[in-house]
Structure formats: C-alpha cells, structure tokens
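S.K.: Structure provided below as structure tokens; questions to follow.
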Amino acid sequence: MSYLPPVRQLPVLGVDSHFPPVEEAWGDSDPISGLLCAGADLSVRRLVAAYSQGIFPWYSEDEPILWWSPDPRMVLKITDFKVSQSLAKTIKRFQNDPCSETRINTAFPEVIAHCAQSIRAGQQGTWIVPAMQAAYIALHEAGYAHSVEVWVQGKLVGGLYFTMVANAVFGESMFSLQTDASKIALSALVDFCQSRGIEWIDCQQQTEHLASLGAKPIPRQAFLDMVLRSQHAH
C-alpha cells in the first residue's frame with residue numbers, strides 16, 4: 001500500500017493578520033507550488049506589505065484572495081533584455097513616427113481594463129477581476145502602481161502596468177492591440193528602469209514569452225535578497 005503525504009492546510013488571513021514567512025509557501029510536493037495563504041484584503045496597505053515581502057495576489061473570480069511566493073521566481077535583469085533585430089526596427093520606426101509616443105500614467109484605468117480583456121480572450125476567465133482592478137487603481141492613486149502606454153495617432157494600442165515599491169519594480173500584465181505594442185511598452189519600461197538605476201523587473205511567473213525577452217528563473221531567496229536591497233537603496 002502506497003503512502004500519500006497529507007495535504008497541508010492553507011493559512012487563511014484575517015484583515016489584521018500578518019503574512020506567514022514565504023518559506024511556508026507550498027512546494028512541489030503540494031497541490032499548487034508557490035501558494036502561500038488566502039484571505040485578508042486588497043487594501044493599499046496590504047498590497048504594499050505583500051510586495052515588500054515578495055508576495056503577490058493572484059486568483060479567479062470564484063476564489064478567495066490567494067497570495068503567492070513562487071520558487072523559483074522569474075526575473076528580467078535590465079542588462080539581459082533581448083531585443084531582436086525585427087523588434088529593434090519596429091521600435092526605431094515607432095520612435096521616429098511623430099504620430100506615435102509612449103506615455104506613463106496618463107490612462108491607468110484603461111490599461112488595466114485592456115489587460116483584463118486581453119487575458120480573458122486568451123483563456124477561461126481572468127485573474128484581473130473587478131476587485132483587482134479597483135485595488136490597483138487605488139494603488140495607482142497612492143503612487144505605487146503605474147502604467148506604460150503606447151499611443152498611435154491618439155489611440156491607446158498597447159501597454160502594461162507595474163507596481164513599484166521603494167526601488168523595486170514588479171511587472172503585472174500587458175496588452176497589445178497592434179503588433180509588438182506590448183513589447184514597445186516593455187522596452188519603455190526597461191528605459192524607465194535604466195534611467196533610475198533599477199536593475200531588474202519581477203515577472204512573477206515563468207513563461208516562454210518572458211524567457212524569449214531575457215527573463216530567467218532565480219531562487220526565491222535570491223529574489224528576496226534583491227527586494228531587500230532595493231528597499232535599502234531607496
């Protein structure tokens with residue numbers, strides 16, 4: 001008779017609860033690796049505390065708020081950002097077009113709404129549920145969440161949004177209504193980081209698309225060390 005280890009119970013937070021240590025997140029032997037806890041709220045205070053500890057929310061509409069700290073963590077070091085020859089040409093054409101421009105923080109609610117619609121089109125449901133959109137708009141109004149927008153002839157055709165706590169940048173989601181518009185937005189975010197001495201962008205989850213742009217998985221502890229250093233550098 002084979003022995004199956006018992007499934008650990010997921011901690012459920014109250015509004016005033018602190019996050020458990022990230023080392024207590026579920027590992028590969030658990031049902032879902034990286035899941036840390038559930039519950040609490042999406043207040044600005046809670047979100048800032050989460051990101052400061054390398055934790056982020058990610059859940060579907062029919063689920064409670066779920067908090068994650070995966071190991072390894074996908075990170076794009078600014079010096080590793082890959083720009084193919086074709087993308088370099090696209091970016092140059094975009095930059096030389098007087099009817100095209102990138103902007104920051106001029107249409108945050110529109111960007112996050114487009115990101116939610118983009119995810120819904122590619123899969124069942126979206127993790128950018130209405131409560132998440134409202135929470136990150138509040139986070140934006142508090143100065144922690146930002147949008148990078150790609151505009152062509154006065155129309156928003158692509159972009160991304162990210163969270164920035166101290167000197168650490170956490171990429172959230174991007175969308176594209178025109179070929180390569182999201183990559184142009186990412187290139188603009190890389191430039192933003194370079195101009196401020198920021199060395200990396202957190203990409204949270206491992207995907208082939210992010211890997212093709214230069215992102216790599218690193219151990220969670222190495223990532224947490226980077227987050228801590230960014231707080232001291234701020």
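We label chains A, B, ... in the order they appear in the structure tokens, count residues from 1 in each chain, and number ligands from 1 in the order shown.
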Could you pull out the residues in stretch 105-201 of chain A that DSSP calls helix (DSSP H, G or I) from the backbone, as a PyMOL selection string?
M.R.: chain A and resi 108-122+130-141+181-195
S.K.: Using the selection just defined, write its residues with N, CA and C atoms as a tab-separated table (two decimals), in the first residue's frame.
M.R.:
chain	number	residue	atom	x	y	z
A	108	PHE	N	-4.16	54.93	-16.68
A	108	PHE	CA	-4.01	53.70	-15.91
A	108	PHE	C	-5.28	52.84	-15.90
A	109	PRO	N	-6.46	53.37	-15.61
A	109	PRO	CA	-7.65	52.52	-15.59
A	109	PRO	C	-7.91	51.84	-16.93
A	110	GLU	N	-7.65	52.55	-18.03
A	110	GLU	CA	-7.85	51.97	-19.35
A	110	GLU	C	-6.86	50.83	-19.60
A	111	VAL	N	-5.62	51.02	-19.17
A	111	VAL	CA	-4.60	49.99	-19.37
A	111	VAL	C	-4.97	48.71	-18.63
A	112	ILE	N	-5.33	48.82	-17.36
A	112	ILE	CA	-5.64	47.62	-16.59
A	112	ILE	C	-6.91	46.94	-17.11
A	113	ALA	N	-7.86	47.74	-17.63
A	113	ALA	CA	-9.08	47.15	-18.21
A	113	ALA	C	-8.73	46.38	-19.49
A	114	HIS	N	-7.86	46.94	-20.31
A	114	HIS	CA	-7.42	46.24	-21.53
A	114	HIS	C	-6.67	44.96	-21.19
A	115	CYS	N	-5.83	45.00	-20.15
A	115	CYS	CA	-5.10	43.81	-19.74
A	115	CYS	C	-6.06	42.71	-19.31
A	116	ALA	N	-7.10	43.07	-18.58
A	116	ALA	CA	-8.09	42.09	-18.13
A	116	ALA	C	-8.81	41.47	-19.33
A	117	GLN	N	-9.17	42.30	-20.31
A	117	GLN	CA	-9.85	41.81	-21.51
A	117	GLN	C	-8.93	40.93	-22.34
A	118	SER	N	-7.65	41.29	-22.39
A	118	SER	CA	-6.68	40.52	-23.17
A	118	SER	C	-6.51	39.12	-22.59
A	119	ILE	N	-6.43	39.02	-21.26
A	119	ILE	CA	-6.29	37.72	-20.62
A	119	ILE	C	-7.54	36.89	-20.82
A	120	ARG	N	-8.70	37.52	-20.72
A	120	ARG	CA	-9.96	36.80	-20.87
A	120	ARG	C	-10.09	36.22	-22.28
A	121	ALA	N	-9.55	36.94	-23.28
A	121	ALA	CA	-9.65	36.46	-24.65
A	121	ALA	C	-8.77	35.24	-24.89
A	122	GLY	N	-7.71	35.09	-24.10
A	122	GLY	CA	-6.76	34.00	-24.32
A	122	GLY	C	-6.99	32.79	-23.44
A	130	PRO	N	-12.75	42.40	-11.28
A	130	PRO	CA	-13.11	43.78	-10.93
A	130	PRO	C	-12.51	44.26	-9.61
A	131	ALA	N	-12.48	43.39	-8.59
A	131	ALA	CA	-11.90	43.79	-7.30
A	131	ALA	C	-10.41	44.09	-7.43
A	132	MET	N	-9.70	43.32	-8.27
A	132	MET	CA	-8.28	43.56	-8.50
A	132	MET	C	-8.09	44.88	-9.25
A	133	GLN	N	-8.92	45.14	-10.24
A	133	GLN	CA	-8.81	46.41	-10.98
A	133	GLN	C	-9.01	47.60	-10.03
A	134	ALA	N	-10.04	47.52	-9.19
A	134	ALA	CA	-10.30	48.61	-8.24
A	134	ALA	C	-9.14	48.78	-7.27
A	135	ALA	N	-8.58	47.65	-6.81
A	135	ALA	CA	-7.48	47.71	-5.85
A	135	ALA	C	-6.24	48.35	-6.45
A	136	TYR	N	-5.94	48.01	-7.71
A	136	TYR	CA	-4.72	48.56	-8.33
A	136	TYR	C	-4.92	49.99	-8.81
A	137	ILE	N	-6.14	50.36	-9.10
A	137	ILE	CA	-6.41	51.78	-9.37
A	137	ILE	C	-6.16	52.59	-8.10
A	138	ALA	N	-6.59	52.06	-6.95
A	138	ALA	CA	-6.31	52.72	-5.66
A	138	ALA	C	-4.80	52.74	-5.40
A	139	LEU	N	-4.13	51.66	-5.75
A	139	LEU	CA	-2.67	51.59	-5.58
A	139	LEU	C	-1.99	52.61	-6.48
A	140	HIS	N	-2.54	52.80	-7.67
A	140	HIS	CA	-2.02	53.82	-8.60
A	140	HIS	C	-2.22	55.22	-8.02
A	141	GLU	N	-3.40	55.46	-7.49
A	141	GLU	CA	-3.70	56.78	-6.92
A	141	GLU	C	-2.82	57.07	-5.70
A	181	ALA	N	3.09	46.05	-29.84
A	181	ALA	CA	2.85	47.23	-28.99
A	181	ALA	C	3.22	46.94	-27.53
A	182	SER	N	2.94	45.73	-27.06
A	182	SER	CA	3.29	45.41	-25.67
A	182	SER	C	4.81	45.33	-25.49
A	183	LYS	N	5.52	44.87	-26.54
A	183	LYS	CA	6.98	44.81	-26.46
A	183	LYS	C	7.58	46.21	-26.48
A	184	ILE	N	6.96	47.11	-27.21
A	184	ILE	CA	7.40	48.51	-27.19
A	184	ILE	C	7.22	49.08	-25.78
A	185	ALA	N	6.09	48.73	-25.15
A	185	ALA	CA	5.85	49.19	-23.78
A	185	ALA	C	6.89	48.62	-22.82
A	186	LEU	N	7.23	47.34	-22.99
A	186	LEU	CA	8.25	46.73	-22.13
A	186	LEU	C	9.60	47.40	-22.35
A	187	SER	N	9.93	47.70	-23.59
A	187	SER	CA	11.19	48.40	-23.88
A	187	SER	C	11.21	49.76	-23.19
A	188	ALA	N	10.07	50.44	-23.18
A	188	ALA	CA	9.97	51.74	-22.50
A	188	ALA	C	10.12	51.57	-20.99
A	189	LEU	N	9.59	50.47	-20.45
A	189	LEU	CA	9.76	50.21	-19.01
A	189	LEU	C	11.22	49.93	-18.69
A	190	VAL	N	11.91	49.21	-19.56
A	190	VAL	CA	13.34	48.96	-19.37
A	190	VAL	C	14.11	50.28	-19.35
A	191	ASP	N	13.76	51.19	-20.27
A	191	ASP	CA	14.40	52.52	-20.30
A	191	ASP	C	14.10	53.28	-19.01
A	192	PHE	N	12.86	53.18	-18.53
A	192	PHE	CA	12.45	53.82	-17.28
A	192	PHE	C	13.33	53.33	-16.14
A	193	CYS	N	13.52	52.00	-16.08
A	193	CYS	CA	14.34	51.41	-15.01
A	193	CYS	C	15.80	51.85	-15.13
A	194	GLN	N	16.33	51.84	-16.34
A	194	GLN	CA	17.72	52.24	-16.54
A	194	GLN	C	17.96	53.67	-16.08
A	195	SER	N	17.01	54.54	-16.37
A	195	SER	CA	17.18	55.95	-16.01
A	195	SER	C	17.15	56.17	-14.50
S.K.: Could you write out, as a VMD selection string, all the residues of stretch 8-185 of chain A that DSSP marks as strand (DSSP E)?
M.R.: chain A and resid 12 to 13 35 to 39 56 to 57 66 to 68 73 to 77 100 to 104 145 to 152 155 to 165 168 to 176
S.K.: For A:Ser60, which residue among A:Trp127, A:Pro11, A:Asp225, A:His18 is the nearest when counting only C-alpha atoms?
M.R.: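 Closest to A:Ser60, using only C-alpha atoms: A:Trp127.
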S.K.: Considering only C-alpha atoms, can you say which of A:Gln153, A:Ser176, A:Gln231, A:Thr163 comes closest to A:Pro98?
M.R.: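 Residue with the minimum atom-to-atom distance to A:Pro98: A:Gln153.
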S.K.: Just to confirm, what's the straight-line distance from atom CA of A:Ala168 to atom CA of A:Leu66 in Å (one decimal)?
M.R.: 21.8 Å
S.K.: What's around stretch 200-205 of chain A at 7 Å? Count only C-alpha atoms, leave out sequence neighbours fewer than 4 positions away in its own chain, and write the answer as a list in words.
M.R.: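 Once the adjacent positions are removed, what remains is Arg73, Met74, Val75, Leu76, Lys77, Ile78, Val169, Phe170 and Gly171 of chain A.
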S.K.: Could you write out that same residue set with C-alpha atoms as a compact mmCIF listing (two decimals), in the first residue's frame?
M.R.:
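Heads up, here's the output in selection_27.txt:
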# COMPACT_ATOMS: atom_id res chain seq x y z
CA ARG A 73 10.94 33.49 -9.34
CA MET A 74 11.01 34.79 -12.92
CA VAL A 75 13.07 37.98 -13.13
CA LEU A 76 14.18 40.14 -16.05
CA LYS A 77 17.52 41.77 -15.36
CA ILE A 78 17.68 45.01 -17.30
CA VAL A 169 9.61 47.06 -10.00
CA PHE A 170 7.05 44.26 -10.22
CA GLY A 171 5.58 43.68 -13.67
S.K.: Need the shell around A:Ala222: protein/DNA/RNA residues with any atom at most 10 Å away, counting only C-alpha atoms. Skip same-chain ones fewer than 6 positions apart. Format as number ranges by chain?
M.R.: A: 71-73, 228
S.K.: Let me make sure I understand: among A:Pro64, A:Gly27, A:Gly159, A:Gly54, which one has the smallest atom-to-atom distance to A:Ser230 if we use only C-alpha atoms?
M.R.: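 With only C-alpha atoms as the atom set, the closest residue is A:Gly54.
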S.K.: Please measure the separation of atom CA of A:Leu156 and atom CA of A:Ala88, giving the value in Å to one decimal.
M.R.: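 Atom CA of A:Leu156 sits 20.8 Å away from atom CA of A:Ala88.
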S.K.: Point out the residue among A:Gln85, A:Thr79, A:Ser147, A:Ser69 with the least atom-to-atom distance to A:Thr106, counting only C-alpha atoms.
M.R.: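 Between A:Gln85, A:Thr79, A:Ser147, A:Ser69, the residue approaching A:Thr106 most closely is A:Ser147.
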S.K.: Please report the interatomic distance between atom CA of A:Gly197 and atom CA of A:Thr102 in Å with one decimal.
M.R.: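 One can read the atom CA of A:Gly197 to atom CA of A:Thr102 distance as 20.0 Å.
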